[in-house]
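Peer 1: So I've got this file, target_8.cif, and it contains mmCIF, C-alpha atoms:
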```
data_query
#
loop_
_atom_site.group_PDB
_atom_site.id
_atom_site.type_symbol
_atom_site.label_atom_id
_atom_site.label_comp_id
_atom_site.auth_asym_id
_atom_site.auth_seq_id
_atom_site.Cartn_x
_atom_site.Cartn_y
_atom_site.Cartn_z
ATOM 1 C CA MET T 146 159.458 183.340 207.646
ATOM 2 C CA MET T 147 161.800 181.177 209.701
ATOM 3 C CA SER T 148 160.175 179.152 212.468
ATOM 4 C CA GLN T 149 161.365 179.495 216.049
ATOM 5 C CA ASP T 150 162.737 175.934 215.876
ATOM 6 C CA ALA T 151 164.686 176.636 212.681
ATOM 7 C CA LEU T 152 166.087 179.816 214.217
ATOM 8 C CA ALA T 153 167.099 177.897 217.366
ATOM 9 C CA ILE T 154 168.859 175.281 215.221
ATOM 10 C CA ALA T 155 170.640 177.939 213.135
ATOM 11 C CA ASN T 156 171.803 179.656 216.333
ATOM 12 C CA LEU T 157 172.963 176.311 217.749
ATOM 13 C CA LYS T 158 175.108 175.711 214.651
ATOM 14 C CA ALA T 159 176.453 179.274 214.879
ATOM 15 C CA ARG T 160 177.464 178.604 218.514
ATOM 16 C CA TYR T 161 179.278 175.445 217.327
ATOM 17 C CA CYS T 162 181.255 177.587 214.856
ATOM 18 C CA LEU T 163 182.017 180.192 217.534
ATOM 19 C CA ALA T 164 183.261 177.467 219.899
ATOM 20 C CA ALA T 165 185.506 176.096 217.141
ATOM 21 C CA ASP T 166 186.887 179.574 216.430
ATOM 22 C CA THR T 167 187.430 180.186 220.159
ATOM 23 C CA SER T 168 189.370 176.914 220.499
ATOM 24 C CA THR T 169 192.457 178.503 218.910
ATOM 25 C CA SER T 170 193.008 180.859 221.839
ATOM 26 C CA ASP T 171 190.862 179.683 224.760
ATOM 27 C CA GLU T 172 190.654 175.908 225.146
ATOM 28 C CA THR T 173 188.751 176.098 228.440
ATOM 29 C CA GLY T 174 186.220 178.579 227.078
ATOM 30 C CA ALA T 175 185.732 176.522 223.915
ATOM 31 C CA ARG T 176 185.162 173.345 225.948
ATOM 32 C CA GLU T 177 182.549 175.168 228.045
ATOM 33 C CA MET T 178 180.779 176.285 224.863
ATOM 34 C CA PHE T 179 180.935 172.802 223.327
ATOM 35 C CA ALA T 180 179.451 171.294 226.523
ATOM 36 C CA ASP T 181 176.019 172.783 225.732
ATOM 37 C CA LEU T 182 175.819 171.789 222.066
ATOM 38 C CA PHE T 183 175.643 167.994 221.733
ATOM 39 C CA THR T 184 173.451 165.050 222.652
ATOM 40 C CA GLU T 185 175.051 162.344 224.798
ATOM 41 C CA ASP T 186 174.943 159.924 221.840
ATOM 42 C CA PHE T 187 176.537 162.382 219.379
ATOM 43 C CA VAL T 188 178.350 160.880 216.376
ATOM 44 C CA GLY T 189 180.630 162.907 214.126
ATOM 45 C CA ASP T 190 182.245 162.030 210.816
ATOM 46 C CA TYR T 191 184.894 164.512 209.711
ATOM 47 C CA GLY T 192 186.447 162.165 207.180
ATOM 48 C CA PHE T 193 189.161 160.823 209.498
ATOM 49 C CA SER T 194 187.490 158.528 212.015
ATOM 50 C CA MET T 195 184.154 158.432 213.799
ATOM 51 C CA LEU T 196 183.847 160.608 216.885
ATOM 52 C CA GLU T 197 181.419 159.336 219.501
ATOM 53 C CA GLY T 198 180.118 161.453 222.359
ATOM 54 C CA PRO T 199 180.446 165.116 223.357
ATOM 55 C CA LYS T 200 183.914 164.687 224.858
ATOM 56 C CA ALA T 201 185.306 163.155 221.667
ATOM 57 C CA ILE T 202 184.115 166.044 219.497
ATOM 58 C CA ALA T 203 185.331 168.679 221.975
ATOM 59 C CA ASP T 204 188.743 166.978 222.210
ATOM 60 C CA PHE T 205 189.002 166.805 218.414
ATOM 61 C CA MET T 206 188.020 170.429 217.913
ATOM 62 C CA VAL T 207 190.352 171.940 220.538
ATOM 63 C CA THR T 208 193.384 169.800 219.685
ATOM 64 C CA ALA T 209 193.350 168.725 216.032
ATOM 65 C CA ILE T 210 191.470 171.721 214.656
ATOM 66 C CA GLY T 211 191.937 174.691 217.002
ATOM 67 C CA GLY T 212 195.254 173.544 218.426
ATOM 68 C CA GLY T 213 196.966 173.820 215.061
ATOM 69 C CA SER T 214 195.790 177.356 214.310
ATOM 70 C CA GLU T 215 196.678 180.822 215.574
ATOM 71 C CA TRP T 216 193.156 181.964 214.649
ATOM 72 C CA MET T 217 190.191 180.602 212.732
ATOM 73 C CA ILE T 218 186.896 181.976 211.448
ATOM 74 C CA HIS T 219 183.941 179.893 210.228
ATOM 75 C CA ALA T 220 181.394 181.261 207.749
ATOM 76 C CA LEU T 221 178.215 179.221 207.235
ATOM 77 C CA GLY T 222 175.875 179.738 204.314
ATOM 78 C CA SER T 223 172.948 178.390 202.317
ATOM 79 C CA PRO T 224 171.210 176.626 205.221
ATOM 80 C CA ILE T 225 168.531 174.051 204.568
ATOM 81 C CA ILE T 226 166.837 173.145 207.850
ATOM 82 C CA GLU T 227 164.071 170.535 207.853
ATOM 83 C CA ILE T 228 162.155 169.845 211.053
ATOM 84 C CA ASP T 229 160.095 166.750 211.788
ATOM 85 C CA GLY T 230 158.702 166.932 215.319
ATOM 86 C CA ASP T 231 161.577 166.615 217.781
ATOM 87 C CA SER T 232 164.222 165.846 215.173
ATOM 88 C CA ALA T 233 165.664 167.880 212.355
ATOM 89 C CA THR T 234 168.353 167.944 209.707
ATOM 90 C CA GLY T 235 170.503 170.827 208.599
ATOM 91 C CA ASP T 236 172.702 171.215 205.557
ATOM 92 C CA TRP T 237 175.166 174.128 205.301
ATOM 93 C CA THR T 238 177.968 175.308 203.082
ATOM 94 C CA ILE T 239 181.064 176.226 205.043
ATOM 95 C CA GLN T 240 184.214 178.236 204.457
ATOM 96 C CA VAL T 241 186.875 178.340 207.143
ATOM 97 C CA GLU T 242 189.837 180.693 207.043
ATOM 98 C CA SER T 243 192.719 180.143 209.446
ATOM 99 C CA ARG T 244 196.340 180.953 210.074
ATOM 100 C CA ARG T 245 198.190 177.761 210.826
ATOM 101 C CA ARG T 246 200.816 177.703 213.574
ATOM 102 C CA GLU T 247 204.536 177.256 212.960
ATOM 103 C CA GLY T 248 204.759 179.284 209.768
ATOM 104 C CA ALA T 249 202.409 177.168 207.684
ATOM 105 C CA GLY T 250 200.577 180.295 206.522
ATOM 106 C CA LEU T 251 196.941 180.888 205.713
ATOM 107 C CA MET T 252 194.594 178.039 204.960
ATOM 108 C CA THR T 253 191.117 177.954 203.437
ATOM 109 C CA VAL T 254 188.782 174.992 203.861
ATOM 110 C CA VAL T 255 185.479 174.748 202.012
ATOM 111 C CA GLY T 256 182.899 172.043 202.343
ATOM 112 C CA ARG T 257 179.470 171.043 203.497
ATOM 113 C CA TYR T 258 178.028 170.093 206.873
ATOM 114 C CA SER T 259 175.123 167.648 206.993
ATOM 115 C CA ASP T 260 173.799 167.624 210.554
ATOM 116 C CA ILE T 261 171.199 165.836 212.646
ATOM 117 C CA PHE T 262 169.518 167.709 215.502
ATOM 118 C CA ARG T 263 167.327 166.480 218.336
ATOM 119 C CA ARG T 264 165.083 168.427 220.688
ATOM 120 C CA THR T 265 165.959 167.589 224.296
ATOM 121 C CA ASP T 266 164.704 168.830 227.644
ATOM 122 C CA LYS T 267 167.495 171.458 227.340
ATOM 123 C CA GLY T 268 166.437 172.545 223.829
ATOM 124 C CA TRP T 269 167.852 171.595 220.438
ATOM 125 C CA ARG T 270 171.180 169.764 220.428
ATOM 126 C CA ILE T 271 173.467 168.407 217.702
ATOM 127 C CA ALA T 272 173.149 164.609 217.475
ATOM 128 C CA GLY T 273 175.301 164.079 214.382
ATOM 129 C CA ILE T 274 177.655 165.891 212.040
ATOM 130 C CA LYS T 275 179.021 164.750 208.702
ATOM 131 C CA PHE T 276 181.599 167.099 207.224
ATOM 132 C CA THR T 277 182.546 166.777 203.569
ATOM 133 C CA ARG T 278 185.604 168.763 202.545
ATOM 134 C CA PHE T 279 186.052 169.913 198.969
ATOM 135 C CA GLU T 280 189.586 170.276 197.667
#
```
Re-express the file's structure as structure tokens.
Peer 2:
Amino acid sequence: MMSQDALAIANLKARYCLAADTSTSDETGAREMFADLFTEDFVGDYGFSMLEGPKAIADFMVTAIGGGSEWMIHALGSPIIEIDGDSATGDWTIQVESRRREGAGLMTVVGRYSDIFRRTDKGWRIAGIKFTRFE
């Protein structure tokens, strides 16, 4: 049986994916969704450069990721969530399907997210993301 904390973390990650998918058509809505997901000291590694802070990750997602796609859909799987008091880790497989803008066609990305979560006074938040893409 999944604990309430593990369920809250899984739902938090699902909201991250929904915000990313929304960023292709509604930048303002995606930014509003992203605003409730991260700790102030968030650090993200997507294999390009380090992203520091909630604004940096939101900017990256709505411009570099969502901005280049007509639509996008994330599918998470095989979660491993480990909780230790007010901190937790999560590991997920990911497949993203998208239609790139400007005639670039369909694109599939597969990889793995390795995340760090922290319980805050507002509930669980994402403190770190490392994305590893498999070619």
Peer 1: Taking (193.1, 169.5, 221.7) in the file's coordinates as the center, which residues reach within 12 Å of it, counting all atoms listed in the file, put as a VMD selection string?
Peer 2: chain T and resid 165 168 to 173 175 to 176 200 to 214
Peer 1: Let me make sure I understand: among T:Tyr191, T:Glu197, T:Ala272, T:Asp231, which one has the smallest atom-to-atom distance to Arg257 of chain T if we use all atoms listed in the file?
Peer 2: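 That would be T:Tyr191, the residue with the smallest distance to Arg257 of chain T.
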Peer 1: Please identify all polymer residues within 9 Å of Gly192 of chain T, counting all atoms listed in the file, omitting same-chain residues fewer than 4 positions from it, and present them as a PyMOL selection string.
Peer 2: chain T and resi 275-278
Peer 1: At most 7 Å from (173.6, 171.2, 218.3), file frame, all atoms listed in the file: which residues, as a ChimeraX atom specification?
Peer 2: /T:154,157-158,182-183,262,269-272
Peer 1: Could you dump the residues just selected with C-alpha atoms as an mmCIF file, in the coordinates of the input?
Peer 2:
```cif
data_model
loop_
_atom_site.group_PDB
_atom_site.id
_atom_site.type_symbol
_atom_site.label_atom_id
_atom_site.label_comp_id
_atom_site.auth_asym_id
_atom_site.auth_seq_id
_atom_site.Cartn_x
_atom_site.Cartn_y
_atom_site.Cartn_z
ATOM 1 C CA ILE T 154 168.859 175.281 215.221
ATOM 2 C CA LEU T 157 172.963 176.311 217.749
ATOM 3 C CA LYS T 158 175.108 175.711 214.651
ATOM 4 C CA LEU T 182 175.819 171.789 222.066
ATOM 5 C CA PHE T 183 175.643 167.994 221.733
ATOM 6 C CA PHE T 262 169.518 167.709 215.502
ATOM 7 C CA TRP T 269 167.852 171.595 220.438
ATOM 8 C CA ARG T 270 171.180 169.764 220.428
ATOM 9 C CA ILE T 271 173.467 168.407 217.702
ATOM 10 C CA ALA T 272 173.149 164.609 217.475
#
```
Peer 1: Could you give me, as a PyMOL selection string, the residues within 10 Å of Ile218 of chain T, counting all atoms listed in the file and dropping anything in the same chain fewer than 4 positions from it?
Peer 2: chain T and resi 162-163+165-167+169+240-244+253
Peer 1: Can you tell me how far atom CA of Arg246 of chain T sits from atom CA of Trp216 of chain T, in Å to one decimal?
Peer 2: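 Atom CA of Arg246 of chain T sits 8.8 Å away from atom CA of Trp216 of chain T.
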Peer 1: From the set T:Asp266, T:Phe279, T:Val254, T:Ser148, which residue has the shortest atom-to-atom contact distance to His219 of chain T, counting all atoms listed in the file?
Peer 2: T:Val254
Peer 1: Taking only C-alpha atoms into account, which of T:Asp190, T:Glu177, T:Glu247, T:Asp150 comes nearest Arg263 of chain T?
Peer 2: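 Looking at the shortest contact to Arg263 of chain T, the residue is T:Asp150.
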Peer 1: Would you work out the distance separating atom CA of Asp236 of chain T from atom CA of Gly273 of chain T, expressed in Å to one decimal?
Peer 2: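 Atom-to-atom, atom CA of Asp236 of chain T to atom CA of Gly273 of chain T, that is 11.6 Å.
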Peer 1: Apply the PyMOL selection byres ((chain T and resi 260) around 6) to the structure shown and report the selected residues as JSON, numbers by chain.
Peer 2: {"T": [234, 235, 259, 261, 273, 274]}
Peer 1: How many Å lie between atom CA of Gly222 of chain T and atom CA of Lys267 of chain T, rounded to one decimal?
Peer 2: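 Going from atom CA of Gly222 of chain T over to atom CA of Lys267 of chain T covers 25.9 Å.
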Peer 1: Identify which of the residues T:Ile239, T:Met217, T:Ala151, T:Met178 lies closest to Arg264 of chain T, counting only C-alpha atoms when measuring atom-to-atom distances.
Peer 2: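 So, comparing all the options, the nearest one is T:Ala151.
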Peer 1: Around all the atoms of segment 244-261 of chain T listed in the file, draw an axis-aligned box and extend it by 6 Å on each of the six sides; I want its centre and edge lengths in Å to one decimal, as AutoDock Vina command-line options.
Peer 2:
```
--center_x 188.0 --center_y 173.4 --center_z 207.8 --size_x 45.6 --size_y 27.1 --size_z 23.6
```
Peer 1: Which of these residues is nearest to Ala249 of chain T, using only C-alpha atoms: T:Phe179, T:Glu215, T:Val188, T:Phe193?
Peer 2: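 With only C-alpha atoms as the atom set, the closest residue is T:Glu215.
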Peer 1: Could you add whatever atoms are missing so that segment 215-229 of chain T carries N, CA and C atoms, then write the result as an mmCIF file, in the coordinates of the input?
Peer 2:
```
data_model
loop_
_atom_site.group_PDB
_atom_site.id
_atom_site.type_symbol
_atom_site.label_atom_id
_atom_site.label_comp_id
_atom_site.auth_asym_id
_atom_site.auth_seq_id
_atom_site.Cartn_x
_atom_site.Cartn_y
_atom_site.Cartn_z
ATOM 1 N N GLU T 215 196.566 179.596 214.782
ATOM 2 C CA GLU T 215 196.678 180.822 215.574
ATOM 3 C C GLU T 215 195.313 181.473 215.721
ATOM 4 N N TRP T 216 194.533 181.469 214.643
ATOM 5 C CA TRP T 216 193.156 181.964 214.649
ATOM 6 C C TRP T 216 192.377 181.232 213.565
ATOM 7 N N MET T 217 191.058 181.291 213.680
ATOM 8 C CA MET T 217 190.191 180.602 212.732
ATOM 9 C C MET T 217 188.846 181.322 212.724
ATOM 10 N N ILE T 218 188.224 181.379 211.550
ATOM 11 C CA ILE T 218 186.896 181.976 211.448
ATOM 12 C C ILE T 218 186.042 181.124 210.501
ATOM 13 N N HIS T 219 184.897 180.683 211.009
ATOM 14 C CA HIS T 219 183.941 179.893 210.228
ATOM 15 C C HIS T 219 182.886 180.811 209.628
ATOM 16 N N ALA T 220 182.505 180.553 208.386
ATOM 17 C CA ALA T 220 181.394 181.261 207.749
ATOM 18 C C ALA T 220 180.446 180.222 207.160
ATOM 19 N N LEU T 221 179.241 180.148 207.722
ATOM 20 C CA LEU T 221 178.215 179.221 207.235
ATOM 21 C C LEU T 221 177.343 179.921 206.204
ATOM 22 N N GLY T 222 176.788 179.154 205.281
ATOM 23 C CA GLY T 222 175.875 179.738 204.314
ATOM 24 C C GLY T 222 174.904 178.717 203.774
ATOM 25 N N SER T 223 173.931 179.203 203.032
ATOM 26 C CA SER T 223 172.948 178.390 202.317
ATOM 27 C C SER T 223 172.304 177.313 203.177
ATOM 28 N N PRO T 224 171.777 177.665 204.358
ATOM 29 C CA PRO T 224 171.210 176.626 205.221
ATOM 30 C C PRO T 224 169.909 176.054 204.670
ATOM 31 N N ILE T 225 169.793 174.753 204.811
ATOM 32 C CA ILE T 225 168.531 174.051 204.568
ATOM 33 C C ILE T 225 168.229 173.314 205.859
ATOM 34 N N ILE T 226 167.208 173.748 206.567
ATOM 35 C CA ILE T 226 166.837 173.145 207.850
ATOM 36 C C ILE T 226 165.449 172.530 207.691
ATOM 37 N N GLU T 227 165.350 171.238 207.951
ATOM 38 C CA GLU T 227 164.071 170.535 207.853
ATOM 39 C C GLU T 227 163.744 169.931 209.202
ATOM 40 N N ILE T 228 162.565 170.263 209.710
ATOM 41 C CA ILE T 228 162.155 169.845 211.053
ATOM 42 C C ILE T 228 161.012 168.851 210.940
ATOM 43 N N ASP T 229 161.135 167.774 211.717
ATOM 44 C CA ASP T 229 160.095 166.750 211.788
ATOM 45 C C ASP T 229 159.878 166.419 213.269
#
```
